[in-house]
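S.K.: Contents are TSV, C-alpha atoms and all ligand atoms; file name query21.tsv:
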```tsv
chain	number	residue	atom	x	y	z
B	20	MET	CA	-29.98	-35.78	26.87
B	21	LYS	CA	-26.88	-36.19	29.04
B	22	TYR	CA	-25.82	-32.86	30.52
B	23	LYS	CA	-22.46	-32.37	32.16
B	24	ILE	CA	-22.71	-30.73	35.58
B	25	VAL	CA	-19.81	-29.09	37.42
B	26	ASN	CA	-20.03	-27.45	40.84
B	27	ILE	CA	-17.65	-24.49	40.90
B	28	ASN	CA	-18.37	-22.83	44.20
B	29	LYS	CA	-20.46	-24.24	47.01
B	30	SER	CA	-20.63	-21.26	49.35
B	31	GLY	CA	-22.35	-17.90	48.97
B	32	GLU	CA	-25.67	-16.25	49.72
B	33	ARG	CA	-27.06	-16.41	46.17
B	34	SER	CA	-26.97	-19.30	43.75
B	35	VAL	CA	-26.59	-19.09	39.97
B	36	LEU	CA	-26.81	-21.85	37.41
B	37	ILE	CA	-24.65	-21.26	34.33
B	38	ILE	CA	-25.97	-23.00	31.22
B	39	TYR	CA	-23.16	-23.43	28.73
B	40	THR	CA	-24.41	-23.89	25.17
B	41	GLY	CA	-21.22	-23.03	23.24
B	42	GLY	CA	-20.23	-20.00	21.16
B	43	THR	CA	-16.92	-18.19	20.67
B	44	PHE	CA	-16.67	-17.77	24.45
B	45	GLY	CA	-15.33	-21.29	24.90
B	46	MET	CA	-13.89	-21.97	21.46
B	47	ILE	CA	-10.41	-23.09	20.54
B	48	GLN	CA	-8.78	-23.48	17.16
B	49	ASP	CA	-9.12	-26.90	15.58
B	50	ALA	CA	-6.43	-28.56	13.46
B	51	SER	CA	-7.42	-26.48	10.42
B	52	GLY	CA	-7.25	-23.21	12.39
B	53	ALA	CA	-11.06	-22.71	12.50
B	54	LEU	CA	-12.73	-21.88	15.81
B	55	ALA	CA	-14.84	-24.70	17.31
B	56	PRO	CA	-16.53	-24.99	20.73
B	57	PHE	CA	-14.87	-27.00	23.49
B	58	ASN	CA	-15.75	-28.31	26.93
B	59	PHE	CA	-16.66	-25.92	29.73
B	60	GLY	CA	-14.57	-27.79	32.28
B	61	LYS	CA	-11.51	-26.14	30.75
B	62	VAL	CA	-13.18	-22.73	30.72
B	63	VAL	CA	-13.40	-22.65	34.52
B	64	ASP	CA	-9.63	-23.08	34.72
B	65	ARG	CA	-9.31	-19.91	32.66
B	66	VAL	CA	-11.49	-17.84	35.01
B	67	PRO	CA	-10.26	-18.63	38.53
B	68	GLU	CA	-12.11	-15.49	39.77
B	69	LEU	CA	-15.34	-17.50	39.56
B	70	ARG	CA	-14.42	-19.13	42.84
B	71	GLN	CA	-14.00	-15.75	44.55
B	72	LEU	CA	-17.33	-14.17	43.63
B	73	GLY	CA	-19.15	-15.29	46.75
B	74	ILE	CA	-21.88	-16.86	44.60
B	75	ARG	CA	-22.85	-20.53	44.70
B	76	LEU	CA	-22.12	-21.58	41.16
B	77	THR	CA	-22.94	-24.63	39.13
B	78	VAL	CA	-22.37	-25.12	35.42
B	79	ILE	CA	-24.53	-27.35	33.30
B	80	SER	CA	-23.16	-27.90	29.86
B	81	PHE	CA	-24.82	-28.97	26.62
B	82	PRO	CA	-23.42	-32.44	25.81
B	83	LYS	CA	-22.08	-31.06	22.54
B	84	PRO	CA	-21.50	-27.30	22.75
B	85	ILE	CA	-22.52	-25.56	19.52
B	86	ASP	CA	-21.75	-22.55	17.40
B	87	SER	CA	-24.96	-20.57	17.80
B	88	SER	CA	-25.37	-20.37	14.03
B	89	ASN	CA	-26.53	-23.98	14.40
B	90	ILE	CA	-29.12	-23.27	17.07
B	91	LEU	CA	-32.37	-25.19	16.63
B	92	ILE	CA	-35.83	-25.08	18.17
B	93	GLN	CA	-34.84	-28.12	20.23
B	94	ASP	CA	-31.98	-26.12	21.77
B	95	TRP	CA	-34.43	-23.44	22.93
B	96	LYS	CA	-36.58	-26.16	24.42
B	97	ASP	CA	-33.54	-27.64	26.16
B	98	MET	CA	-32.57	-24.26	27.66
B	99	ALA	CA	-36.13	-23.70	28.90
B	100	TYR	CA	-36.29	-27.25	30.23
B	101	ILE	CA	-33.04	-26.83	32.22
B	102	ILE	CA	-34.39	-23.60	33.73
B	103	GLU	CA	-37.72	-25.21	34.58
B	104	GLU	CA	-36.07	-28.26	36.19
B	105	ASN	CA	-33.74	-26.11	38.29
B	106	TYR	CA	-36.01	-23.14	38.92
B	107	ALA	CA	-36.62	-23.78	42.60
B	108	GLN	CA	-32.95	-24.54	43.43
B	109	TYR	CA	-31.32	-21.42	41.94
B	110	ASP	CA	-31.80	-17.69	42.33
B	111	ALA	CA	-30.71	-16.90	38.78
B	112	PHE	CA	-29.54	-18.31	35.44
B	113	VAL	CA	-26.76	-17.21	33.12
B	114	ILE	CA	-26.76	-18.68	29.61
B	115	LEU	CA	-23.44	-18.73	27.79
B	116	HIS	CA	-24.33	-18.55	24.13
B	117	GLY	CA	-22.76	-17.59	20.80
B	118	THR	CA	-23.32	-13.99	19.84
B	119	ASP	CA	-24.59	-14.64	16.30
B	120	THR	CA	-28.08	-15.76	17.30
B	121	MET	CA	-28.16	-14.61	20.91
B	122	ALA	CA	-30.84	-11.99	20.22
B	123	TYR	CA	-33.10	-14.66	18.66
B	124	SER	CA	-32.61	-17.04	21.60
B	125	ALA	CA	-33.13	-14.30	24.18
B	126	SER	CA	-36.34	-13.23	22.42
B	127	MET	CA	-37.66	-16.77	22.17
B	128	LEU	CA	-36.84	-17.61	25.78
B	129	SER	CA	-38.61	-14.45	26.94
B	130	TYR	CA	-41.82	-15.75	25.29
B	131	MET	CA	-41.35	-19.34	26.46
B	132	LEU	CA	-40.68	-18.52	30.13
B	133	GLU	CA	-44.08	-17.20	31.08
B	134	GLY	CA	-44.35	-15.97	34.67
B	135	LEU	CA	-40.57	-15.66	35.05
B	136	ASN	CA	-39.53	-13.76	38.17
B	137	LYS	CA	-35.82	-14.58	38.29
B	138	PRO	CA	-32.96	-13.29	36.12
B	139	VAL	CA	-32.07	-15.22	32.95
B	140	ILE	CA	-29.04	-13.48	31.50
B	141	PHE	CA	-27.51	-14.36	28.16
B	142	THR	CA	-23.89	-13.53	27.58
B	143	GLY	CA	-20.98	-14.62	25.41
B	144	ALA	CA	-17.87	-13.13	23.89
B	145	GLN	CA	-16.39	-11.78	20.70
B	146	MET	CA	-13.03	-13.42	21.44
B	147	PRO	CA	-12.44	-16.84	23.02
B	148	ILE	CA	-11.63	-16.97	26.72
B	149	GLY	CA	-8.16	-18.30	25.89
B	150	SER	CA	-7.18	-15.12	24.00
B	151	ILE	CA	-5.24	-12.57	26.00
B	152	ARG	CA	-7.51	-9.67	24.99
B	153	SER	CA	-10.73	-11.65	25.31
B	154	ASP	CA	-13.93	-9.94	26.46
B	155	ALA	CA	-15.19	-13.28	27.83
B	156	ARG	CA	-14.00	-12.85	31.40
B	157	GLU	CA	-15.60	-9.43	31.95
B	158	ASN	CA	-18.84	-10.44	30.30
B	159	LEU	CA	-19.22	-13.58	32.39
B	160	ILE	CA	-18.21	-12.09	35.73
B	161	THR	CA	-20.45	-9.03	35.43
B	162	ALA	CA	-23.36	-11.11	34.10
B	163	LEU	CA	-23.01	-13.26	37.24
B	164	GLU	CA	-22.88	-10.21	39.50
B	165	ILE	CA	-26.02	-8.81	37.87
B	166	ALA	CA	-27.73	-12.19	38.12
B	167	ALA	CA	-26.97	-12.32	41.84
B	168	ALA	CA	-27.86	-8.66	42.50
B	169	HIS	CA	-30.66	-8.16	44.99
B	170	SER	CA	-32.08	-5.53	47.25
B	171	ASN	CA	-34.10	-6.20	50.42
B	172	GLY	CA	-33.80	-9.91	49.67
B	173	GLN	CA	-35.50	-9.47	46.32
B	174	THR	CA	-33.88	-9.97	42.92
B	175	ILE	CA	-33.31	-6.73	40.97
B	176	VAL	CA	-33.67	-8.30	37.52
B	177	SER	CA	-36.57	-10.65	36.86
B	178	GLU	CA	-36.59	-11.01	33.09
B	179	VAL	CA	-34.60	-12.42	30.16
B	180	CYS	CA	-31.69	-10.10	29.33
B	181	VAL	CA	-28.52	-9.90	27.29
B	182	TYR	CA	-25.40	-8.64	29.07
B	183	PHE	CA	-22.58	-7.60	26.77
B	184	ASN	CA	-19.74	-5.09	26.92
B	185	TYR	CA	-20.88	-3.25	30.06
B	186	LEU	CA	-24.55	-3.06	29.00
B	187	LEU	CA	-27.53	-5.00	30.28
B	188	LEU	CA	-30.29	-5.06	27.66
B	189	ARG	CA	-33.80	-6.46	27.54
B	190	GLY	CA	-33.34	-9.74	25.65
B	191	SER	CA	-36.32	-9.29	23.36
B	192	ARG	CA	-35.14	-5.79	22.42
B	193	SER	CA	-31.50	-6.67	21.79
B	194	GLN	CA	-29.78	-6.98	18.42
B	195	LYS	CA	-26.28	-7.93	17.38
B	196	LEU	CA	-25.26	-4.87	15.41
B	197	ARG	CA	-21.49	-5.29	15.15
B	198	SER	CA	-19.30	-8.28	14.47
B	199	SER	CA	-15.85	-6.79	14.89
B	200	THR	CA	-15.98	-4.63	18.00
B	201	PHE	CA	-16.65	-5.60	21.59
B	202	ALA	CA	-19.72	-3.33	21.60
B	203	ALA	CA	-21.70	-5.92	19.65
B	204	PHE	CA	-25.20	-5.47	21.10
B	205	GLU	CA	-27.68	-2.64	21.43
B	206	SER	CA	-31.37	-2.16	22.01
B	207	GLU	CA	-32.08	0.94	19.99
B	208	ASN	CA	-35.80	1.06	20.79
B	209	TYR	CA	-35.57	0.40	24.53
B	210	PRO	CA	-33.43	1.96	27.26
B	211	VAL	CA	-30.41	0.12	28.63
B	212	LEU	CA	-31.42	-1.80	31.79
B	213	ALA	CA	-28.08	-1.39	33.52
B	214	GLU	CA	-24.62	-0.10	32.81
B	215	ALA	CA	-21.52	-1.58	34.43
B	216	GLY	CA	-18.79	0.84	35.39
B	217	ILE	CA	-17.13	1.09	38.77
B	218	GLU	CA	-20.65	0.44	40.06
B	219	ILE	CA	-23.43	-1.40	38.28
B	220	GLU	CA	-26.05	1.31	37.69
B	221	PHE	CA	-29.52	-0.17	37.29
B	222	ASN	CA	-32.14	1.75	35.35
B	223	TYR	CA	-34.98	0.79	37.69
B	224	PRO	CA	-37.89	2.36	35.76
B	225	ALA	CA	-36.92	0.36	32.64
B	226	LEU	CA	-36.71	-3.02	34.40
B	227	LYS	CA	-39.69	-5.32	34.47
B	228	PRO	CA	-41.21	-5.00	37.96
B	229	PHE	CA	-40.67	-8.01	40.24
B	230	ASP	CA	-43.84	-10.03	40.74
B	231	PRO	CA	-43.64	-12.22	43.85
B	232	GLU	CA	-46.81	-14.09	42.85
B	233	ALA	CA	-45.58	-15.06	39.36
B	234	GLN	CA	-45.40	-18.79	38.65
B	235	LEU	CA	-43.09	-20.07	35.94
B	236	LYS	CA	-44.86	-21.87	33.14
B	237	VAL	CA	-42.78	-23.03	30.20
B	238	ARG	CA	-44.59	-22.81	26.88
B	239	ASN	CA	-42.70	-24.83	24.34
B	240	LEU	CA	-44.91	-25.21	21.28
B	241	MET	CA	-43.47	-23.57	18.18
B	242	ASP	CA	-43.94	-23.67	14.47
B	243	SER	CA	-41.02	-22.76	12.24
B	244	ASN	CA	-42.95	-22.53	8.97
B	245	VAL	CA	-42.17	-18.83	8.79
B	246	VAL	CA	-40.09	-16.59	6.60
B	247	ILE	CA	-38.54	-13.11	6.57
B	248	LEU	CA	-39.32	-11.23	3.37
B	249	LYS	CA	-37.00	-8.26	3.07
B	250	ILE	CA	-38.24	-5.97	0.36
B	251	PHE	CA	-35.92	-3.88	-1.82
B	252	PRO	CA	-36.34	-1.61	-4.81
B	253	GLY	CA	-36.66	-3.78	-7.91
B	254	ILE	CA	-37.87	-6.97	-6.17
B	255	THR	CA	-39.87	-8.94	-8.73
B	256	GLU	CA	-43.39	-10.32	-8.62
B	257	HIS	CA	-41.97	-13.73	-9.43
B	258	VAL	CA	-39.77	-13.74	-6.33
B	259	VAL	CA	-42.47	-12.34	-4.03
B	260	ARG	CA	-45.00	-14.91	-5.28
B	261	SER	CA	-42.56	-17.79	-4.87
B	262	ILE	CA	-42.30	-16.92	-1.17
B	263	LEU	CA	-45.88	-15.96	-0.40
B	264	GLU	CA	-47.44	-18.81	-2.39
B	265	ASN	CA	-45.25	-21.47	-0.80
B	266	PRO	CA	-47.79	-23.78	0.88
B	267	ASN	CA	-45.44	-24.44	3.82
B	268	VAL	CA	-45.25	-20.79	4.77
B	269	LYS	CA	-47.76	-19.89	7.49
B	270	GLY	CA	-46.33	-16.61	8.71
B	271	VAL	CA	-44.26	-13.83	7.16
B	272	VAL	CA	-42.24	-11.09	8.81
B	273	MET	CA	-42.09	-8.45	6.10
B	274	GLU	CA	-39.13	-6.08	6.52
B	275	THR	CA	-40.20	-2.80	5.00
B	276	PHE	CA	-38.70	0.64	4.42
B	277	GLY	CA	-38.62	3.43	7.02
B	278	SER	CA	-41.81	3.66	9.04
B	279	GLY	CA	-43.35	0.58	7.42
B	280	ASN	CA	-43.61	1.56	3.75
B	281	THR	CA	-43.66	-0.77	0.79
B	282	MET	CA	-44.09	-0.38	-2.95
B	283	SER	CA	-47.77	0.34	-3.64
B	284	PHE	CA	-47.85	-1.40	-7.05
B	285	ASP	CA	-51.03	-3.35	-7.68
B	286	TRP	CA	-49.21	-6.66	-8.23
B	287	PHE	CA	-47.48	-6.36	-4.86
B	288	ILE	CA	-50.61	-5.47	-2.90
B	289	ASP	CA	-52.47	-8.28	-4.70
B	290	CYS	CA	-49.79	-10.80	-3.68
B	291	LEU	CA	-50.11	-9.75	-0.04
B	292	ARG	CA	-53.93	-9.72	-0.16
B	293	GLU	CA	-54.04	-13.22	-1.68
B	294	ALA	CA	-51.57	-14.57	0.90
B	295	ILE	CA	-53.68	-13.17	3.76
B	296	ALA	CA	-56.88	-14.52	2.18
B	297	SER	CA	-55.27	-17.97	2.05
B	298	GLY	CA	-54.73	-17.85	5.84
B	299	LYS	CA	-51.14	-16.59	6.09
B	300	VAL	CA	-50.21	-13.98	8.66
B	301	ILE	CA	-48.05	-11.01	7.63
B	302	LEU	CA	-46.29	-8.85	10.21
B	303	ASN	CA	-44.75	-5.56	9.12
B	304	VAL	CA	-41.41	-4.60	10.72
B	305	SER	CA	-39.03	-1.84	9.71
B	306	GLN	CA	-35.61	-2.34	8.14
B	307	CYS	CA	-34.46	0.62	10.26
B	308	ILE	CA	-32.79	-0.19	13.57
B	309	GLY	CA	-34.55	2.65	15.40
B	310	GLY	CA	-38.10	3.94	15.07
B	311	GLU	CA	-41.29	2.11	14.33
B	312	VAL	CA	-43.83	1.02	11.80
B	313	GLU	CA	-46.74	3.43	11.41
B	314	GLN	CA	-49.02	1.88	8.84
B	315	GLY	CA	-51.06	4.60	7.18
B	316	ARG	CA	-48.64	7.44	7.79
B	317	TYR	CA	-47.78	7.43	4.09
B	318	GLU	CA	-49.98	6.45	1.21
B	319	THR	CA	-47.52	3.63	0.49
B	320	SER	CA	-48.43	1.92	3.76
B	321	LYS	CA	-52.12	2.84	3.98
B	322	LYS	CA	-53.13	-0.06	1.77
B	323	LEU	CA	-51.38	-2.48	4.11
B	324	ASN	CA	-53.86	-1.58	6.85
B	325	GLU	CA	-56.76	-2.10	4.49
B	326	ILE	CA	-55.73	-5.59	3.41
B	327	GLY	CA	-54.92	-6.86	6.91
B	328	VAL	CA	-51.12	-6.68	7.18
B	329	LEU	CA	-50.37	-6.41	10.92
B	330	SER	CA	-48.09	-3.72	12.29
B	331	GLY	CA	-45.06	-4.82	14.30
B	332	GLY	CA	-44.57	-1.33	15.76
B	333	ASP	CA	-41.03	-0.97	17.11
B	334	ILE	CA	-40.26	-4.71	17.36
B	335	THR	CA	-36.91	-6.05	16.10
B	336	THR	CA	-36.81	-8.62	13.31
B	337	GLU	CA	-35.30	-11.14	15.76
B	338	ALA	CA	-38.13	-10.67	18.26
B	339	ALA	CA	-40.72	-10.66	15.46
B	340	ILE	CA	-39.72	-13.91	13.75
B	341	THR	CA	-39.44	-15.77	17.06
B	342	LYS	CA	-42.79	-14.33	18.19
B	343	LEU	CA	-44.39	-15.56	14.99
B	344	MET	CA	-42.93	-19.05	15.51
B	345	PHE	CA	-44.07	-19.01	19.12
B	346	LEU	CA	-47.62	-17.83	18.45
B	347	LEU	CA	-48.08	-20.09	15.43
B	348	GLY	CA	-47.15	-23.00	17.70
B	349	SER	CA	-49.16	-22.01	20.74
B	350	GLU	CA	-52.25	-20.35	19.25
B	351	LYS	CA	-54.17	-22.69	17.02
B	352	VAL	CA	-56.87	-20.13	16.26
B	353	THR	CA	-55.64	-17.63	13.63
B	354	LYS	CA	-57.96	-14.93	14.94
B	355	GLU	CA	-56.40	-15.17	18.40
B	356	LEU	CA	-52.89	-15.24	16.93
B	357	LYS	CA	-53.65	-12.09	14.94
B	358	ARG	CA	-55.02	-10.43	18.05
B	359	GLN	CA	-51.84	-11.15	20.04
B	360	LEU	CA	-49.23	-10.47	17.38
B	361	PRO	CA	-49.37	-6.64	17.45
B	362	HIS	CA	-49.30	-6.58	21.28
B	363	SER	CA	-46.46	-7.05	23.72
B	364	LEU	CA	-46.04	-10.54	25.17
B	365	ALA	CA	-42.79	-10.01	27.04
B	366	GLY	CA	-41.90	-6.35	26.71
B	367	GLU	CA	-40.64	-6.79	23.13
B	368	MET	CA	-42.62	-3.84	21.73
B	369	ASP	CA	-44.45	-0.68	22.67
B	370	ALA	CA	-48.10	-0.17	21.79
B	371	VAL	CA	-48.57	0.05	18.02
B	372	LEU	CA	-49.05	3.56	16.62
B	373	GLU	CA	-52.11	3.73	14.38
W	401	LIG	N1	-20.26	-17.99	15.57
W	401	LIG	C1	-20.19	-17.72	16.99
W	401	LIG	C2	-21.49	-18.15	17.61
W	401	LIG	O1	-22.46	-17.46	17.48
W	401	LIG	C3	-19.94	-16.29	17.22
W	401	LIG	C4	-19.83	-15.88	18.67
W	401	LIG	O2	-20.05	-16.60	19.59
W	401	LIG	O3	-19.49	-14.71	18.90
W	401	LIG	O4	-21.56	-19.19	18.22
```
Would you mind writing the file's structure down as structure tokens?
M.R.:
Amino acid sequence: MKYKIVNINKSGERSVLIIYTGGTFGMIQDASGALAPFNFGKVVDRVPELRQLGIRLTVISFPKPIDSSNILIQDWKDMAYIIEENYAQYDAFVILHGTDTMAYSASMLSYMLEGLNKPVIFTGAQMPIGSIRSDARENLITALEIAAAHSNGQTIVSEVCVYFNYLLLRGSRSQKLRSSTFAAFESENYPVLAEAGIEIEFNYPALKPFDPEAQLKVRNLMDSNVVILKIFPGITEHVVRSILENPNVKGVVMETFGSGNTMSFDWFIDCLREAIASGKVILNVSQCIGGEVEQGRYETSKKLNEIGVLSGGDITTEAAITKLMFLLGSEKVTKELKRQLPHSLAGEMDAVLE
């Protein structure tokens, strides 16, 4: 792949590589009036402050910037590859990405970048950089400041995060919750890692501790034969069977009610039991934004424990589906996959409540 590389600022104590993938951040209106991504070269002209930050800055741009609704597994591999190739030369990485699937990408990258001990910060914007009221400028500049932040020569952040609208969030805990306000992202089940006001206030106890011995190892095997089954009152056996009996489906994230409850009808439990017996993996996550799955708390979820549905605890759907793709790709032994699934790989969930 041919990446475009632009050096923006060559002097400064810390160095940051910006990876521009596309998204509203750098979009302009096409002839029909629809927003489409454009080249990052022009974006720099819109943010002259980038040259005054005192950070050595380079931008590497996807050859064809994309709307993140079109993100593919290959794009995740490309992002991880760029980080791996440039890991020794830069202190930190900022990924400019569309907001629609940013939480999925941040979750997946947090699994792929094993042994990460540098900041990888995703950011983007709700309005294009060319709009007068755009949030793009603030998001980018503060993401860069956070990426370059260090104390006693050591980076403060050493994990994959999302920075958006004054909040730094753990990437694998983040979710896009709003599409029409600047406060688009939250991490309901995990504390904010930093808040940007006049000062950037880091929440040190919530940050992943820096590990000087950690060695980056990119794990890029994935399997996308997965599905999200969102249950709802009145869902039919026919529909559930058509999903669970699909021979291509290897893993299912089942979005359930409240603290992990489903209908307890025999036909439904039988469908799940048969799917598990045929080798499929089913992970239970809650439709609620906050709180967690507690299989067995109610009678309606007790049976799930008995038949081997795995609890996703307080994981988000975005982190769960990417984790399933990641583990299906990297763990060939189902028993090992099932052992890892209910445990944290990259801080995406707390210990599962039994
Ligand atoms: N559709 C855009 C994208 O995700 C939305 C955005 O960037 O905010 O690429």
S.K.: Pick out the residues no farther than 9 Å from ligand LIG 401 (chain W), counting all atoms listed in the file, and list them as a CSV table (one decimal) with C-alpha atoms, in the coordinates of the input.
M.R.:
```csv
chain,number,residue,atom,x,y,z
B,40,THR,CA,-24.4,-23.9,25.2
B,41,GLY,CA,-21.2,-23.0,23.2
B,42,GLY,CA,-20.2,-20.0,21.2
B,43,THR,CA,-16.9,-18.2,20.7
B,44,PHE,CA,-16.7,-17.8,24.4
B,45,GLY,CA,-15.3,-21.3,24.9
B,46,MET,CA,-13.9,-22.0,21.5
B,54,LEU,CA,-12.7,-21.9,15.8
B,55,ALA,CA,-14.8,-24.7,17.3
B,56,PRO,CA,-16.5,-25.0,20.7
B,85,ILE,CA,-22.5,-25.6,19.5
B,86,ASP,CA,-21.8,-22.6,17.4
B,87,SER,CA,-25.0,-20.6,17.8
B,88,SER,CA,-25.4,-20.4,14.0
B,89,ASN,CA,-26.5,-24.0,14.4
B,90,ILE,CA,-29.1,-23.3,17.1
B,116,HIS,CA,-24.3,-18.6,24.1
B,117,GLY,CA,-22.8,-17.6,20.8
B,118,THR,CA,-23.3,-14.0,19.8
B,119,ASP,CA,-24.6,-14.6,16.3
B,120,THR,CA,-28.1,-15.8,17.3
B,121,MET,CA,-28.2,-14.6,20.9
B,143,GLY,CA,-21.0,-14.6,25.4
B,144,ALA,CA,-17.9,-13.1,23.9
B,145,GLN,CA,-16.4,-11.8,20.7
B,146,MET,CA,-13.0,-13.4,21.4
B,147,PRO,CA,-12.4,-16.8,23.0
B,198,SER,CA,-19.3,-8.3,14.5
```
S.K.: Near region 298-314 of chain B, counting all atoms listed in the file, which residues have an atom at most 6 Å away, once you skip same-chain residues fewer than 6 positions from it, shown as an NGL selection string?
M.R.: :B and (207-208 or 269-279 or 320-321 or 328-333 or 372)
S.K.: For a quick check of understanding, using all atoms listed in the file, which of B:Ala339, B:Val179, B:Ile334, B:Ala50 has the smallest distance to Asp369 (chain B)?
M.R.: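 Smallest distance to Asp369 (chain B) is found for B:Ile334.
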S.K.: State, in Å with one decimal place, the distance from CA of Gly190 (chain B) to CA of Lys357 (chain B).
M.R.: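 Interatomic distance, CA of Gly190 (chain B) to CA of Lys357 (chain B): 23.1 Å.
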S.K.: For CA of Tyr39 (chain B) and CA of Tyr109 (chain B), determine how far apart the two atoms are, in Å to one decimal place.
M.R.: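 Result for CA of Tyr39 (chain B) versus CA of Tyr109 (chain B): 15.7 Å, one decimal.
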S.K.: When distances are computed from only C-alpha atoms, which of B:Ala99, B:Ile295, B:Leu135, B:Glu218 shows the smallest separation from Pro231 (chain B)?
M.R.: B:Leu135
S.K.: Which of these, B:Val181, B:Ile175, B:Leu159, B:Val237, has the shortest distance to Phe221 (chain B) once you count only C-alpha atoms?
M.R.: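 Counting only C-alpha atoms, the residue closest to Phe221 (chain B) is B:Ile175.
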S.K.: Report the distance between CA of Pro266 (chain B) and CA of Ile254 (chain B) in Å, rounded to one decimal place.
M.R.: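 Distance between the two atoms: 20.8 Å.
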S.K.: Which residue, B:Ser283, B:Ser261, B:Ser34, B:Gln359, has the smallest gap to Val78 (chain B) when you use all atoms listed in the file?
M.R.: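 Ranking B:Ser283, B:Ser261, B:Ser34, B:Gln359 by distance to Val78 (chain B), first place goes to B:Ser34.
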S.K.: Would you list the contacts of Ala125 (chain B) as a PyMOL selection string, taking every protein, DNA or RNA residue within 9 Å and counting only C-alpha atoms, but skipping same-chain residues closer than 3 positions in sequence?
M.R.: chain B and resi 120-122+128-130+139-141+179-181+189-193+338
S.K.: Go through B:Glu264, B:Glu68, B:Asp242, B:Asp97 one by one, measure the shortest atom-to-atom distance of each to Ile160 (chain B) using all atoms listed in the file, and give the residue with the smallest value.
M.R.: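 Going through B:Glu264, B:Glu68, B:Asp242, B:Asp97 one by one, the smallest distance to Ile160 (chain B) is for B:Glu68.
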S.K.: Show me, as lines of an AutoDock Vina configuration file, the centre and edge lengths in Å to one decimal of the axis-aligned box that covers every listed atom of region 174-180 of chain B with 5 Å on each side.
M.R.:
```
center_x = -34.1
center_y = -9.6
center_z = 36.1
size_x = 14.9
size_y = 15.7
size_z = 23.6
```
S.K.: Do you know which residues are at most 7 Å from Arg33 (chain B) counting only C-alpha atoms, after dropping those on the same chain fewer than 4 positions away, and could you put them as a count of residues only?
M.R.: 4
S.K.: Taking into account all atoms listed in the file, which residue in the set B:Lys137, B:Glu178, B:Lys23, B:Leu291 is nearest to Lys83 (chain B)?
M.R.: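 Using all atoms listed in the file, Lys83 (chain B) sits closest to B:Lys23.
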S.K.: Near Leu347 (chain B), counting only C-alpha atoms, which residues have an atom at most 9 Å away, once you skip same-chain residues fewer than 6 positions from it, shown as a list in words?
M.R.: Leu240, Met241, Asp242, Ser243, Asn244, Val245, Lys269, Gly270, Thr353 and Leu356 of chain B
S.K.: May I ask you to restore N, CA, C and O atoms in region 125-134 of chain B and write the result as a PDB file, keeping the file's coordinate frame?
M.R.:
```pdb
ATOM      1  N   ALA B 125     -32.633 -15.079  23.035  1.00  0.00           N
ATOM      2  CA  ALA B 125     -33.130 -14.300  24.180  1.00  0.00           C
ATOM      3  C   ALA B 125     -34.585 -13.906  23.951  1.00  0.00           C
ATOM      4  O   ALA B 125     -35.394 -13.918  24.882  1.00  0.00           O
ATOM      5  N   SER B 126     -34.933 -13.583  22.711  1.00  0.00           N
ATOM      6  CA  SER B 126     -36.340 -13.230  22.420  1.00  0.00           C
ATOM      7  C   SER B 126     -37.224 -14.454  22.634  1.00  0.00           C
ATOM      8  O   SER B 126     -38.254 -14.383  23.318  1.00  0.00           O
ATOM      9  N   MET B 127     -36.819 -15.577  22.056  1.00  0.00           N
ATOM     10  CA  MET B 127     -37.660 -16.770  22.170  1.00  0.00           C
ATOM     11  C   MET B 127     -37.821 -17.205  23.620  1.00  0.00           C
ATOM     12  O   MET B 127     -38.928 -17.519  24.066  1.00  0.00           O
ATOM     13  N   LEU B 128     -36.730 -17.205  24.373  1.00  0.00           N
ATOM     14  CA  LEU B 128     -36.840 -17.610  25.780  1.00  0.00           C
ATOM     15  C   LEU B 128     -37.745 -16.660  26.566  1.00  0.00           C
ATOM     16  O   LEU B 128     -38.462 -17.075  27.474  1.00  0.00           O
ATOM     17  N   SER B 129     -37.750 -15.380  26.180  1.00  0.00           N
ATOM     18  CA  SER B 129     -38.610 -14.450  26.940  1.00  0.00           C
ATOM     19  C   SER B 129     -40.085 -14.773  26.689  1.00  0.00           C
ATOM     20  O   SER B 129     -40.917 -14.547  27.565  1.00  0.00           O
ATOM     21  N   TYR B 130     -40.421 -15.323  25.522  1.00  0.00           N
ATOM     22  CA  TYR B 130     -41.820 -15.750  25.290  1.00  0.00           C
ATOM     23  C   TYR B 130     -42.101 -17.082  25.994  1.00  0.00           C
ATOM     24  O   TYR B 130     -43.169 -17.290  26.556  1.00  0.00           O
ATOM     25  N   MET B 131     -41.119 -17.985  25.930  1.00  0.00           N
ATOM     26  CA  MET B 131     -41.350 -19.340  26.460  1.00  0.00           C
ATOM     27  C   MET B 131     -41.473 -19.363  27.987  1.00  0.00           C
ATOM     28  O   MET B 131     -42.203 -20.181  28.533  1.00  0.00           O
ATOM     29  N   LEU B 132     -40.717 -18.476  28.663  1.00  0.00           N
ATOM     30  CA  LEU B 132     -40.680 -18.520  30.130  1.00  0.00           C
ATOM     31  C   LEU B 132     -41.745 -17.595  30.714  1.00  0.00           C
ATOM     32  O   LEU B 132     -41.459 -16.539  31.265  1.00  0.00           O
ATOM     33  N   GLU B 133     -42.969 -18.011  30.588  1.00  0.00           N
ATOM     34  CA  GLU B 133     -44.080 -17.200  31.080  1.00  0.00           C
ATOM     35  C   GLU B 133     -44.061 -17.207  32.608  1.00  0.00           C
ATOM     36  O   GLU B 133     -43.787 -18.229  33.222  1.00  0.00           O
ATOM     37  N   GLY B 134     -44.317 -16.051  33.199  1.00  0.00           N
ATOM     38  CA  GLY B 134     -44.350 -15.970  34.670  1.00  0.00           C
ATOM     39  C   GLY B 134     -42.966 -15.995  35.299  1.00  0.00           C
ATOM     40  O   GLY B 134     -42.835 -16.281  36.489  1.00  0.00           O
TER      41      GLY B 134
END
```
